[in-house]
$ cat data39.txt   # compact mmCIF, C-alpha atoms
# COMPACT_ATOMS: atom_id res chain seq x y z
CA MET E 1 71.57 73.49 96.02
CA LEU E 2 70.66 76.82 97.48
CA GLN E 3 69.03 79.24 95.08
CA LEU E 4 70.52 82.61 95.78
CA GLN E 5 69.94 86.01 94.28
CA PHE E 6 73.39 87.38 94.59
CA THR E 7 75.33 84.69 92.82
CA LYS E 8 74.75 81.84 90.46
CA ASP E 9 77.80 79.96 91.74
CA THR E 10 77.44 77.29 94.34
CA LEU E 11 78.73 78.38 97.68
CA PRO E 12 81.06 76.17 99.63
CA ASP E 13 79.35 74.58 102.60
CA SER E 14 81.54 76.46 105.04
CA VAL E 15 80.00 79.70 103.91
CA SER E 16 76.45 78.66 104.67
CA ASN E 17 77.63 77.26 107.98
CA ASP E 18 79.21 80.57 108.77
CA PHE E 19 76.03 82.39 108.00
CA GLN E 20 74.11 80.06 110.25
CA ASN E 21 76.61 80.70 112.98
CA LEU E 22 75.44 84.27 112.89
CA ASN E 23 72.30 83.12 114.63
CA LYS E 24 74.40 82.34 117.68
CA PHE E 25 75.10 86.03 118.24
CA ASN E 26 72.66 87.90 120.36
CA GLU E 27 71.09 91.08 119.07
CA GLN E 28 73.64 93.47 120.52
CA GLN E 29 76.59 91.52 119.24
CA PHE E 30 75.05 91.21 115.83
CA THR E 31 74.38 94.92 115.63
CA SER E 32 77.96 95.79 116.47
CA LEU E 33 79.17 93.12 114.06
CA THR E 34 77.23 94.60 111.16
CA GLU E 35 78.46 98.03 112.14
CA ILE E 36 82.07 96.93 112.05
CA LEU E 37 81.61 95.15 108.75
CA PHE E 38 79.99 98.08 107.04
CA ASN E 39 82.62 100.43 108.42
CA PHE E 40 85.24 98.13 107.04
CA LEU E 41 83.63 98.13 103.62
CA LEU E 42 83.25 101.87 103.61
CA GLU E 43 86.75 102.55 104.80
CA PRO E 44 89.07 99.61 104.24
CA LYS E 45 91.54 99.96 107.07
CA GLU E 46 93.05 97.76 109.70
CA VAL E 47 90.24 96.50 111.89
CA ASN E 48 91.42 97.41 115.32
CA THR E 49 88.75 96.69 117.89
CA PRO E 50 89.05 94.86 121.20
CA MET E 51 87.90 91.30 120.49
CA HIS E 52 88.07 88.09 122.30
CA GLU E 53 90.45 85.70 120.50
CA LEU E 54 87.87 82.99 119.91
CA ILE E 55 85.29 85.33 118.54
CA PHE E 56 87.93 86.88 116.35
CA ASP E 57 88.60 83.58 114.61
CA ILE E 58 84.95 83.02 113.84
CA LEU E 59 84.62 86.56 112.69
CA THR E 60 87.47 86.22 110.22
CA ASP E 61 85.53 83.49 108.49
CA LEU E 62 82.37 85.51 108.64
CA VAL E 63 84.08 88.60 107.32
CA SER E 64 85.33 86.79 104.26
CA ALA E 65 81.89 85.27 103.74
CA PHE E 66 80.36 88.69 104.08
CA MET E 67 82.84 90.26 101.70
CA LEU E 68 81.85 87.70 99.12
CA ARG E 69 78.26 88.55 99.90
CA GLN E 70 78.68 92.28 99.53
CA LEU E 71 80.55 92.15 96.28
CA GLY E 72 78.08 89.66 94.90
CA SER E 73 75.14 91.84 95.80
CA LEU E 74 76.67 94.92 94.27
CA LYS E 75 77.22 92.98 91.10
CA LYS E 76 73.55 92.38 90.57
CA ASN E 77 72.33 95.66 92.10
CA LEU E 78 70.07 93.80 94.46
CA THR E 79 67.27 95.42 96.37
CA GLU E 80 66.84 95.26 100.11
CA ASP E 81 64.20 92.52 99.85
CA GLN E 82 66.37 90.35 97.68
CA VAL E 83 69.23 90.69 100.15
CA LYS E 84 66.92 89.69 102.96
CA GLU E 85 65.62 86.74 100.96
CA ASP E 86 69.13 85.50 100.33
CA LEU E 87 70.05 85.72 103.98
CA LEU E 88 66.96 83.78 104.93
CA THR E 89 67.80 81.12 102.37
CA LEU E 90 71.24 80.86 103.91
CA GLY E 91 69.65 80.11 107.23
CA VAL E 92 70.04 83.38 109.05
CA SER E 93 67.25 84.18 111.46
CA GLU E 94 64.50 86.58 110.45
CA ASP E 95 65.27 89.54 112.68
CA LYS E 96 68.98 89.42 111.89
CA ALA E 97 68.26 89.24 108.18
CA ASP E 98 65.94 92.17 108.57
CA HIS E 99 68.49 94.27 110.41
CA PHE E 100 71.20 93.44 107.94
CA SER E 101 69.16 94.22 104.85
CA GLN E 102 68.14 97.52 106.38
CA GLN E 103 71.76 98.42 107.00
CA TRP E 104 72.48 97.35 103.47
CA SER E 105 70.02 99.71 101.83
CA LEU E 106 71.25 102.48 104.11
CA HIS E 107 74.83 102.09 103.01
CA TYR E 108 74.12 101.02 99.46
CA PRO E 109 74.65 104.37 97.73
CA VAL E 110 78.05 104.86 99.31
CA LEU E 111 79.11 101.28 98.66
CA SER E 112 78.14 101.42 95.01
CA ARG E 113 79.94 104.71 94.55
CA LEU E 114 83.03 103.12 96.06
CA ALA E 115 82.81 100.15 93.72
CA VAL E 116 82.48 102.47 90.73
CA GLY E 117 85.39 104.49 91.99
CA GLN E 118 87.53 101.39 91.97
CA THR E 119 86.71 100.66 88.35
CA LEU E 120 89.64 100.30 86.04
CA MET E 121 91.15 103.57 84.82
CA VAL E 122 93.83 103.66 82.21
CA ASN E 123 96.62 106.22 82.74
CA GLN E 124 94.63 108.06 85.32
CA LEU E 125 95.53 111.69 85.81
CA VAL E 126 96.48 112.02 89.45
CA ASP E 127 97.79 115.54 89.70
CA MET E 128 98.49 118.57 87.60
CA GLU E 129 101.02 121.24 88.51
CA TRP E 130 101.59 124.39 86.54
CA LYS E 131 103.67 127.48 86.42
CA PHE E 132 103.71 130.33 84.02
CA GLY E 133 106.24 133.01 83.48
CA VAL E 134 107.88 135.36 81.09
CA THR E 135 111.07 134.70 79.17
CA VAL E 136 113.29 137.67 79.90
CA GLY E 137 116.23 136.92 77.63
CA THR E 138 118.07 134.16 75.84
CA SER E 139 121.58 133.62 74.58
CA GLU E 140 120.42 134.81 71.19
CA LEU E 141 118.16 137.68 72.16
CA GLN E 142 118.99 139.98 75.01
CA LYS E 143 115.45 141.18 75.58
CA VAL E 144 112.44 138.99 75.11
CA GLY E 145 108.98 139.27 76.58
CA ASN E 146 107.22 136.01 75.83
CA THR E 147 104.78 134.39 78.22
CA PHE E 148 104.93 130.64 78.57
CA LEU E 149 102.99 128.08 80.55
CA GLN E 150 104.55 124.88 81.85
CA LEU E 151 102.46 121.92 82.90
CA LYS E 152 103.46 118.84 84.84
CA LEU E 153 100.97 116.00 84.66
CA VAL E 154 101.28 113.14 87.12
CA ILE E 155 99.87 109.97 85.58
CA ARG E 156 99.29 106.67 87.33
CA LYS E 157 100.68 103.80 85.29
CA GLY E 158 99.96 100.58 87.15
CA ASN E 159 101.44 100.96 90.60
CA SER E 160 103.81 103.80 89.89
CA THR E 161 103.34 107.32 88.69
CA GLU E 162 104.91 108.99 85.70
CA ASN E 163 105.52 112.69 85.24
CA VAL E 164 104.89 114.32 81.89
CA TYR E 165 106.22 117.82 81.34
CA MET E 166 105.16 120.16 78.59
CA GLU E 167 105.16 123.77 77.63
CA LEU E 168 102.37 125.71 76.00
CA THR E 169 102.27 129.11 74.39
CA LEU E 170 99.42 131.40 75.35
CA PRO E 171 97.27 130.68 72.29
CA GLN E 172 97.77 126.95 72.90
CA PHE E 173 96.74 127.40 76.52
CA TYR E 174 93.52 129.17 75.58
CA ASN E 175 92.77 126.47 73.05
CA PHE E 176 93.44 123.78 75.66
CA LEU E 177 91.15 125.51 78.15
CA HIS E 178 88.43 125.83 75.53
CA GLU E 179 88.65 122.14 74.61
CA MET E 180 88.53 121.06 78.25
CA GLU E 181 85.45 123.20 78.81
CA ARG E 182 83.80 121.52 75.84
CA ALA E 183 84.68 118.11 77.28
CA LYS E 184 83.19 119.10 80.61
CA ALA E 185 80.00 120.34 78.94
CA SER E 186 79.78 117.02 77.15
CA MET E 187 80.23 115.09 80.42
CA ASP E 188 77.65 117.25 82.15
CA CYS E 189 75.06 116.22 79.57
CA PHE E 190 75.36 112.68 80.86
CA SER E 191 74.98 113.25 84.56
CA MET P 1 135.22 143.12 65.10
CA SER P 2 137.40 143.10 62.13
CA TYR P 3 136.19 142.91 58.58
CA LEU P 4 137.68 142.11 55.28
CA SER P 5 136.70 144.91 52.99
CA HIS P 6 136.01 142.82 49.95
CA ASN P 7 136.12 145.19 47.02
CA LYS P 8 135.90 142.15 44.83
CA ALA P 9 132.22 141.45 45.82
CA PRO P 10 130.60 140.43 42.53
CA SER P 11 126.98 141.45 43.08
CA LYS P 12 124.44 142.59 45.62
CA ASP P 13 122.79 139.19 45.51
CA ALA P 14 126.04 137.47 46.38
CA VAL P 15 126.40 139.71 49.42
CA ARG P 16 122.79 139.07 50.41
CA GLN P 17 123.27 135.33 50.06
CA LEU P 18 126.46 135.45 52.06
CA CYS P 19 124.80 137.30 54.93
CA ALA P 20 122.00 134.73 55.01
CA ASP P 21 124.40 131.80 54.82
CA SER P 22 126.61 133.05 57.61
CA PHE P 23 123.80 133.42 60.11
CA PRO P 24 123.15 129.78 61.22
CA SER P 25 125.09 128.68 64.28
CA GLY P 26 127.19 126.13 62.38
CA ALA P 27 128.28 128.58 59.68
CA PRO P 28 131.66 129.77 61.05
CA GLU P 29 132.88 126.17 61.35
CA SER P 30 131.66 124.99 57.98
CA TRP P 31 134.53 124.38 55.56
CA ARG P 32 132.07 123.63 52.78
CA LEU P 33 130.58 127.11 53.07
CA ALA P 34 134.05 128.63 53.26
CA GLU P 35 135.10 126.90 50.08
CA SER P 36 132.01 127.85 48.11
CA THR P 37 132.35 131.44 49.31
CA ALA P 38 136.00 131.44 48.35
CA GLY P 39 134.97 130.36 44.87
CA THR P 40 132.28 133.06 44.53
CA LEU P 41 134.51 135.87 45.74
CA SER P 42 137.80 134.66 44.31
CA VAL P 43 139.58 134.75 47.65
CA SER P 44 141.37 132.07 49.60
CA ALA P 45 139.40 129.64 51.76
CA ILE P 46 140.98 131.04 54.92
CA GLU P 47 139.93 134.57 54.00
CA ALA P 48 136.42 133.35 53.19
CA LYS P 49 136.19 131.64 56.57
CA GLU P 50 137.20 134.83 58.35
CA LEU P 51 134.63 136.76 56.37
CA ILE P 52 131.87 134.34 57.27
CA ALA P 53 132.85 134.46 60.94
CA ALA P 54 132.78 138.24 60.90
CA LEU P 55 129.38 138.41 59.27
CA HIS P 56 128.10 135.79 61.70
CA THR P 57 129.29 137.80 64.69
CA LEU P 58 127.78 140.96 63.24
CA SER P 59 124.35 139.44 62.58
CA HIS P 60 124.18 137.85 66.00
CA HIS P 61 125.27 141.05 67.69
CA ILE P 62 122.52 142.96 65.89
CA LEU P 63 119.99 140.32 66.86
CA PHE P 64 121.06 140.10 70.49
CA HIS P 65 120.87 143.82 71.11
CA ASN P 66 117.83 144.17 68.87
CA LEU P 67 119.36 146.98 66.81
CA THR P 68 116.69 148.35 64.52
CA ALA P 69 118.03 151.67 63.32
CA PRO P 70 120.64 151.84 60.54
CA GLU P 71 122.75 154.33 62.50
CA GLN P 72 123.18 151.80 65.31
CA ILE P 73 124.60 149.28 62.87
CA LEU P 74 126.70 151.68 60.77
CA VAL P 75 128.77 152.66 63.82
CA LEU P 76 129.85 149.03 64.20
CA PHE P 77 131.90 149.09 61.02
CA PRO P 78 135.50 150.30 61.09
CA LYS P 79 136.04 153.83 59.76
CA SER P 80 137.93 152.71 56.70
CA PHE P 81 135.16 150.42 55.50
CA HIS P 82 133.80 150.91 52.00
CA PRO P 83 130.74 153.19 52.49
CA SER P 84 128.27 151.78 49.98
CA LEU P 85 129.13 148.24 50.99
CA LYS P 86 128.56 149.25 54.60
CA ILE P 87 125.11 150.57 53.73
CA LEU P 88 124.28 147.47 51.69
CA ILE P 89 125.23 145.07 54.47
CA THR P 90 123.28 147.15 57.01
CA LYS P 91 120.21 147.08 54.78
CA ILE P 92 120.44 143.32 54.33
CA MET P 93 120.89 142.71 58.05
CA LEU P 94 117.86 144.83 58.90
CA GLU P 95 115.80 143.02 56.28
CA HIS P 96 116.63 139.66 57.78
CA SER P 97 116.29 140.65 61.43
CA PRO P 98 112.59 139.86 61.92
CA THR P 99 112.96 136.40 60.37
CA TRP P 100 116.07 135.69 62.39
CA ARG P 101 114.39 136.89 65.56
CA ASN P 102 111.42 134.57 65.05
CA GLU P 103 113.76 131.72 64.28
CA ALA P 104 115.72 132.34 67.48
CA LEU P 105 112.50 132.49 69.48
CA SER P 106 111.15 129.25 68.10
CA ASN P 107 114.46 127.45 68.58
CA GLN P 108 115.03 128.53 72.15
CA ILE P 109 115.33 125.88 74.82
CA SER P 110 112.10 124.90 76.47
CA LEU P 111 110.25 121.91 77.81
CA PRO P 112 108.66 119.66 75.16
CA HIS P 113 106.09 121.64 73.24
CA LEU P 114 102.48 120.59 72.99
CA VAL P 115 101.83 119.94 69.33
CA GLU P 116 98.38 118.46 69.23
CA MET P 117 95.61 117.61 71.61
CA ASP P 118 92.29 115.77 71.28
CA TRP P 119 89.72 114.43 73.68
CA ARG P 120 86.79 112.09 73.81
CA VAL P 121 84.07 111.42 76.39
CA ASP P 122 83.18 107.78 77.01
CA MET P 123 80.42 106.21 79.07
CA LYS P 124 81.39 103.28 81.29
CA THR P 125 78.51 100.84 81.39
CA ALA P 126 79.90 97.81 83.20
CA SER P 127 82.96 96.37 84.86
CA ASP P 128 83.97 93.19 86.59
CA SER P 129 82.91 94.53 89.95
CA VAL P 130 79.78 96.44 88.98
CA SER P 131 77.42 94.94 86.43
CA ARG P 132 75.49 98.06 85.56
CA MET P 133 76.51 101.68 85.71
CA ALA P 134 76.49 104.86 83.70
CA VAL P 135 79.65 106.76 84.48
CA PRO P 136 81.08 109.29 82.04
CA THR P 137 84.83 109.53 81.71
CA CYS P 138 87.09 111.70 79.61
CA LEU P 139 90.14 110.62 77.62
CA VAL P 140 92.66 113.23 76.52
CA HIS P 141 95.40 112.51 74.03
CA MET P 142 98.37 114.87 73.74
CA LYS P 143 101.27 114.88 71.33
CA VAL P 144 104.42 116.56 72.57
CA GLU P 145 107.53 117.32 70.58
CA ASP P 146 110.80 116.64 72.29
CA SER P 147 112.74 119.82 71.76
CA SER P 148 116.11 118.23 72.32
CA CYS P 149 115.92 117.08 68.71
CA LEU P 150 115.89 119.53 65.82
CA ARG P 151 112.70 121.50 65.59
CA GLY P 152 110.48 120.08 62.90
CA SER P 153 112.09 116.68 62.95
CA GLY P 154 111.61 116.27 66.68
CA ALA P 155 110.51 112.95 68.06
CA LEU P 156 106.82 113.15 68.79
CA SER P 157 105.82 111.35 71.91
CA SER P 158 102.24 110.81 72.74
CA VAL P 159 100.41 110.44 76.03
CA THR P 160 96.81 109.47 76.73
CA VAL P 161 95.27 110.39 80.03
CA GLU P 162 91.96 109.39 81.58
CA LEU P 163 90.07 111.82 83.76
CA SER P 164 87.02 111.28 85.91
CA LYS P 165 84.44 114.02 86.21
CA GLU P 166 85.89 115.25 89.50
CA THR P 167 89.40 115.34 88.09
CA LEU P 168 88.21 117.30 85.07
CA ASP P 169 86.39 119.77 87.31
CA THR P 170 89.46 120.27 89.47
CA MET P 171 91.62 120.68 86.39
CA LEU P 172 89.30 123.31 84.97
CA ASP P 173 89.41 125.12 88.30
CA GLY P 174 93.18 125.27 88.03
CA LEU P 175 93.11 126.34 84.39
CA GLY P 176 90.57 129.04 85.23
CA ARG P 177 92.89 130.39 87.88
CA ILE P 178 95.70 130.52 85.36
CA ARG P 179 93.46 132.45 82.98
CA ASP P 180 92.52 134.92 85.71
CA GLN P 181 96.15 135.49 86.62
CA LEU P 182 97.07 135.93 82.98
CA SER P 183 94.42 138.61 82.54
CA VAL P 184 95.68 140.40 85.65
CA VAL P 185 99.21 140.39 84.25
CA ALA P 186 97.99 141.50 80.84
CA GLY P 187 96.00 144.32 82.36
CA LYS P 188 99.04 145.83 84.06
$ encode --input "data39.txt" --output "structure tokens"
Amino acid sequence: MLQLQFTKDTLPDSVSNDFQNLNKFNEQQFTSLTEILFNFLLEPKEVNTPMHELIFDILTDLVSAFMLRQLGSLKKNLTEDQVKEDLLTLGVSEDKADHFSQQWSLHYPVLSRLAVGQTLMVNQLVDMEWKFGVTVGTSELQKVGNTFLQLKLVIRKGNSTENVYMELTLPQFYNFLHEMERAKASMDCFS
Amino acid sequence: MSYLSHNKAPSKDAVRQLCADSFPSGAPESWRLAESTAGTLSVSAIEAKELIAALHTLSHHILFHNLTAPEQILVLFPKSFHPSLKILITKIMLEHSPTWRNEALSNQISLPHLVEMDWRVDMKTASDSVSRMAVPTCLVHMKVEDSSCLRGSGALSSVTVELSKETLDTMLDGLGRIRDQLSVVAGK
């Protein structure tokens, strides 16, 4: 049983085989591989690079092994050395492990920020639109001069968004602004 | 506008009460009001209903055009109208105008009104994908009253929203711009 830093679970054999297969790449190939993988993690998009079919199949396995790797490492906030140690345990050669762990610590801040950004948010506020105006007249009163503020909040509920509309009078608006400024001051204390 | 000159009006209070009762939008159609008025004034129900309708039209006309001077209201009465009754009704209408105006303003159609709002700042310490973090987040809870129901008994619906620090900053930017524009408009 391999003792690894990034996960307490036992890895399937295929994963450690895949990692050992990494040794088959020469330096240049490995460097571009790590580059592609980190780019993929930083910007999850369709991977669209010219690849030989055979290599592509191997890489698919490796990519999924790596993904497991990355997420596992983020979980335990591992340092560069620990990452390197794990790779060596998995049978990756020294210089490749070195290169990879260096890339890791380089990209770590961005990767962790991304992971935090994907943390669960309940009813996340996506957008806020507003308009304010003056009521000129109504069916009851020919001449009025009241200011009103209308807000439209776009909230993400699961996969869809919901719009919430509301109207505020001026005193309510100033109160709302004041409360939000207090909330921001409170948040600023923590960062 | 035609009026019944009701020389049989029992007291000033009865007139005052009648003016107040005839103001609400449902008053001209209410048979119950017509019947109780008929009883108070000793007239037929039909006559009472016409009287209520006339007073209703008068009060709403005064409100709509925002008539504040007695002279503006006195000219509305027909020439043959009882003079002291005319003055009494005018006085009562002017007395009630501010209340009626506020009532009309608060009952006007609008989007759901914000009734209450509170917030709280939480600190996220862990999640299933990150085992340790210290990320502040803000939760805002708003209660809005659906104005399609009667004011006061409106259905309150409530919405809770979560904002990250960036979202809150952006929101405050927007709110600040609103405040600046409001002060420009107010300054004019």
$ interface_residues --input "data39.txt" --of "chain P" --to "chain E" --cutoff "7 Å" --atoms "only C-alpha atoms" --output "list of chain:residue names"
P:Leu63, P:Phe64, P:His65, P:Ala104, P:Leu111, P:Pro112, P:His113, P:Leu114, P:Val121, P:Ser127, P:Ser129, P:Val130, P:Ser131, P:Pro136, P:Thr160, P:Val161, P:Glu162, P:Leu163, P:Leu168, P:Leu175
$ atom_distance --input "data39.txt" --atom1 "CA of His60 in chain P" --atom2 "CA of Cys19 in chain P"
11.1 Å
$ residues_around --input "data39.txt" --residues "Thr68 in chain P" --least-positions-apart "5" --cutoff "12 Å" --atoms "all atoms listed in the file" --output "PyMOL selection string"
chain P and resi 59+61-63+73-74+90-98+101
$ atom_distance --input "data39.txt" --atom1 "CA of Val185 in chain P" --atom2 "CA of Val136 in chain E"
15.0 Å
$ atom_distance --input "data39.txt" --atom1 "CA of Trp104 in chain E" --atom2 "CA of Val135 in chain P"
22.4 Å
$ residues_around --input "data39.txt" --residues "Ser101 in chain E" --least-positions-apart "4" --cutoff "9 Å" --atoms "all atoms listed in the file" --output "ChimeraX atom specification"
/E:79-84,87,96-97,105-106
$ residues_near_point --input "data39.txt" --point "(72.0, 93.6, 116.3)" --cutoff "10 Å" --atoms "only C-alpha atoms" --output "list of chain:residue names"
E:Phe25, E:Asn26, E:Glu27, E:Gln28, E:Gln29, E:Phe30, E:Thr31, E:Ser32, E:Leu33, E:Thr34, E:Glu35, E:Asp95, E:Lys96, E:Ala97, E:Asp98, E:His99, E:Phe100
$ closest_residue --input "data39.txt" --among "P:Met142, P:Met123, P:Ile87, P:Ala27" --to "Thr57 in chain P" --atoms "all atoms listed in the file"
P:Ala27
$ closest_residue --input "data39.txt" --among "P:Asn66, P:Ser22, P:Ser84, P:Gln181" --to "Ala53 in chain P" --atoms "all atoms listed in the file"
P:Ser22
$ closest_residue --input "data39.txt" --among "E:Ser93, E:Pro171, E:Lys157, E:Ala185" --to "Val159 in chain P" --atoms "only C-alpha atoms"
E:Lys157
$ decode --input "data39.txt" --residues "range 82-103 of chain P" --atoms "N, CA, C and O atoms" --output "mmCIF file, in the first residue's frame"
data_model
loop_
_atom_site.group_PDB
_atom_site.id
_atom_site.type_symbol
_atom_site.label_atom_id
_atom_site.label_comp_id
_atom_site.auth_asym_id
_atom_site.auth_seq_id
_atom_site.Cartn_x
_atom_site.Cartn_y
_atom_site.Cartn_z
ATOM 1 N N HIS P 82 -77.530 75.404 -0.625
ATOM 2 C CA HIS P 82 -77.629 76.004 0.708
ATOM 3 C C HIS P 82 -76.267 76.552 1.124
ATOM 4 O O HIS P 82 -75.301 75.807 1.215
ATOM 5 N N PRO P 83 -76.116 77.831 1.418
ATOM 6 C CA PRO P 83 -74.787 78.430 1.636
ATOM 7 C C PRO P 83 -74.023 77.863 2.836
ATOM 8 O O PRO P 83 -72.842 77.530 2.717
ATOM 9 N N SER P 84 -74.654 77.767 3.987
ATOM 10 C CA SER P 84 -73.885 77.313 5.154
ATOM 11 C C SER P 84 -73.512 75.842 5.027
ATOM 12 O O SER P 84 -72.440 75.421 5.477
ATOM 13 N N LEU P 85 -74.371 75.086 4.361
ATOM 14 C CA LEU P 85 -74.048 73.674 4.133
ATOM 15 C C LEU P 85 -72.853 73.553 3.201
ATOM 16 O O LEU P 85 -71.953 72.740 3.372
ATOM 17 N N LYS P 86 -72.850 74.451 2.193
ATOM 18 C CA LYS P 86 -71.752 74.508 1.223
ATOM 19 C C LYS P 86 -70.434 74.732 1.964
ATOM 20 O O LYS P 86 -69.442 74.058 1.753
ATOM 21 N N ILE P 87 -70.465 75.734 2.873
ATOM 22 C CA ILE P 87 -69.237 76.074 3.595
ATOM 23 C C ILE P 87 -68.811 74.909 4.498
ATOM 24 O O ILE P 87 -67.625 74.591 4.602
ATOM 25 N N LEU P 88 -69.795 74.283 5.123
ATOM 26 C CA LEU P 88 -69.485 73.155 6.014
ATOM 27 C C LEU P 88 -68.818 72.016 5.256
ATOM 28 O O LEU P 88 -67.784 71.487 5.671
ATOM 29 N N ILE P 89 -69.407 71.666 4.117
ATOM 30 C CA ILE P 89 -68.852 70.547 3.329
ATOM 31 C C ILE P 89 -67.447 70.896 2.864
ATOM 32 O O ILE P 89 -66.518 70.073 2.919
ATOM 33 N N THR P 90 -67.262 72.157 2.406
ATOM 34 C CA THR P 90 -65.931 72.585 1.949
ATOM 35 C C THR P 90 -64.910 72.425 3.069
ATOM 36 O O THR P 90 -63.810 71.908 2.879
ATOM 37 N N LYS P 91 -65.314 72.897 4.259
ATOM 38 C CA LYS P 91 -64.402 72.830 5.410
ATOM 39 C C LYS P 91 -64.017 71.382 5.703
ATOM 40 O O LYS P 91 -62.844 71.061 5.920
ATOM 41 N N ILE P 92 -65.013 70.508 5.687
ATOM 42 C CA ILE P 92 -64.748 69.092 5.984
ATOM 43 C C ILE P 92 -63.814 68.489 4.940
ATOM 44 O O ILE P 92 -62.862 67.765 5.256
ATOM 45 N N MET P 93 -64.083 68.794 3.667
ATOM 46 C CA MET P 93 -63.243 68.249 2.599
ATOM 47 C C MET P 93 -61.795 68.693 2.753
ATOM 48 O O MET P 93 -60.861 67.902 2.615
ATOM 49 N N LEU P 94 -61.618 69.985 3.062
ATOM 50 C CA LEU P 94 -60.246 70.486 3.216
ATOM 51 C C LEU P 94 -59.536 69.849 4.405
ATOM 52 O O LEU P 94 -58.349 69.570 4.361
ATOM 53 N N GLU P 95 -60.320 69.611 5.458
ATOM 54 C CA GLU P 95 -59.748 68.959 6.650
ATOM 55 C C GLU P 95 -59.221 67.583 6.316
ATOM 56 O O GLU P 95 -58.176 67.164 6.787
ATOM 57 N N HIS P 96 -59.994 66.858 5.513
ATOM 58 C CA HIS P 96 -59.631 65.470 5.208
ATOM 59 C C HIS P 96 -58.597 65.338 4.117
ATOM 60 O O HIS P 96 -57.986 64.280 3.963
ATOM 61 N N SER P 97 -58.408 66.407 3.330
ATOM 62 C CA SER P 97 -57.525 66.272 2.152
ATOM 63 C C SER P 97 -56.139 65.701 2.433
ATOM 64 O O SER P 97 -55.707 64.809 1.718
ATOM 65 N N PRO P 98 -55.418 66.221 3.444
ATOM 66 C CA PRO P 98 -54.068 65.677 3.636
ATOM 67 C C PRO P 98 -54.072 64.168 3.918
ATOM 68 O O PRO P 98 -53.269 63.432 3.350
ATOM 69 N N THR P 99 -55.020 63.728 4.760
ATOM 70 C CA THR P 99 -55.093 62.288 5.062
ATOM 71 C C THR P 99 -55.402 61.500 3.809
ATOM 72 O O THR P 99 -54.790 60.474 3.540
ATOM 73 N N TRP P 100 -56.361 61.996 3.031
ATOM 74 C CA TRP P 100 -56.746 61.285 1.822
ATOM 75 C C TRP P 100 -55.589 61.238 0.828
ATOM 76 O O TRP P 100 -55.380 60.252 0.136
ATOM 77 N N ARG P 101 -54.848 62.329 0.769
ATOM 78 C CA ARG P 101 -53.727 62.394 -0.164
ATOM 79 C C ARG P 101 -52.664 61.354 0.199
ATOM 80 O O ARG P 101 -52.171 60.634 -0.648
ATOM 81 N N ASN P 102 -52.359 61.284 1.497
ATOM 82 C CA ASN P 102 -51.369 60.295 1.941
ATOM 83 C C ASN P 102 -51.846 58.884 1.691
ATOM 84 O O ASN P 102 -51.064 58.016 1.297
ATOM 85 N N GLU P 103 -53.137 58.684 1.900
ATOM 86 C CA GLU P 103 -53.707 57.356 1.668
ATOM 87 C C GLU P 103 -53.581 56.982 0.195
ATOM 88 O O GLU P 103 -53.196 55.876 -0.154
#
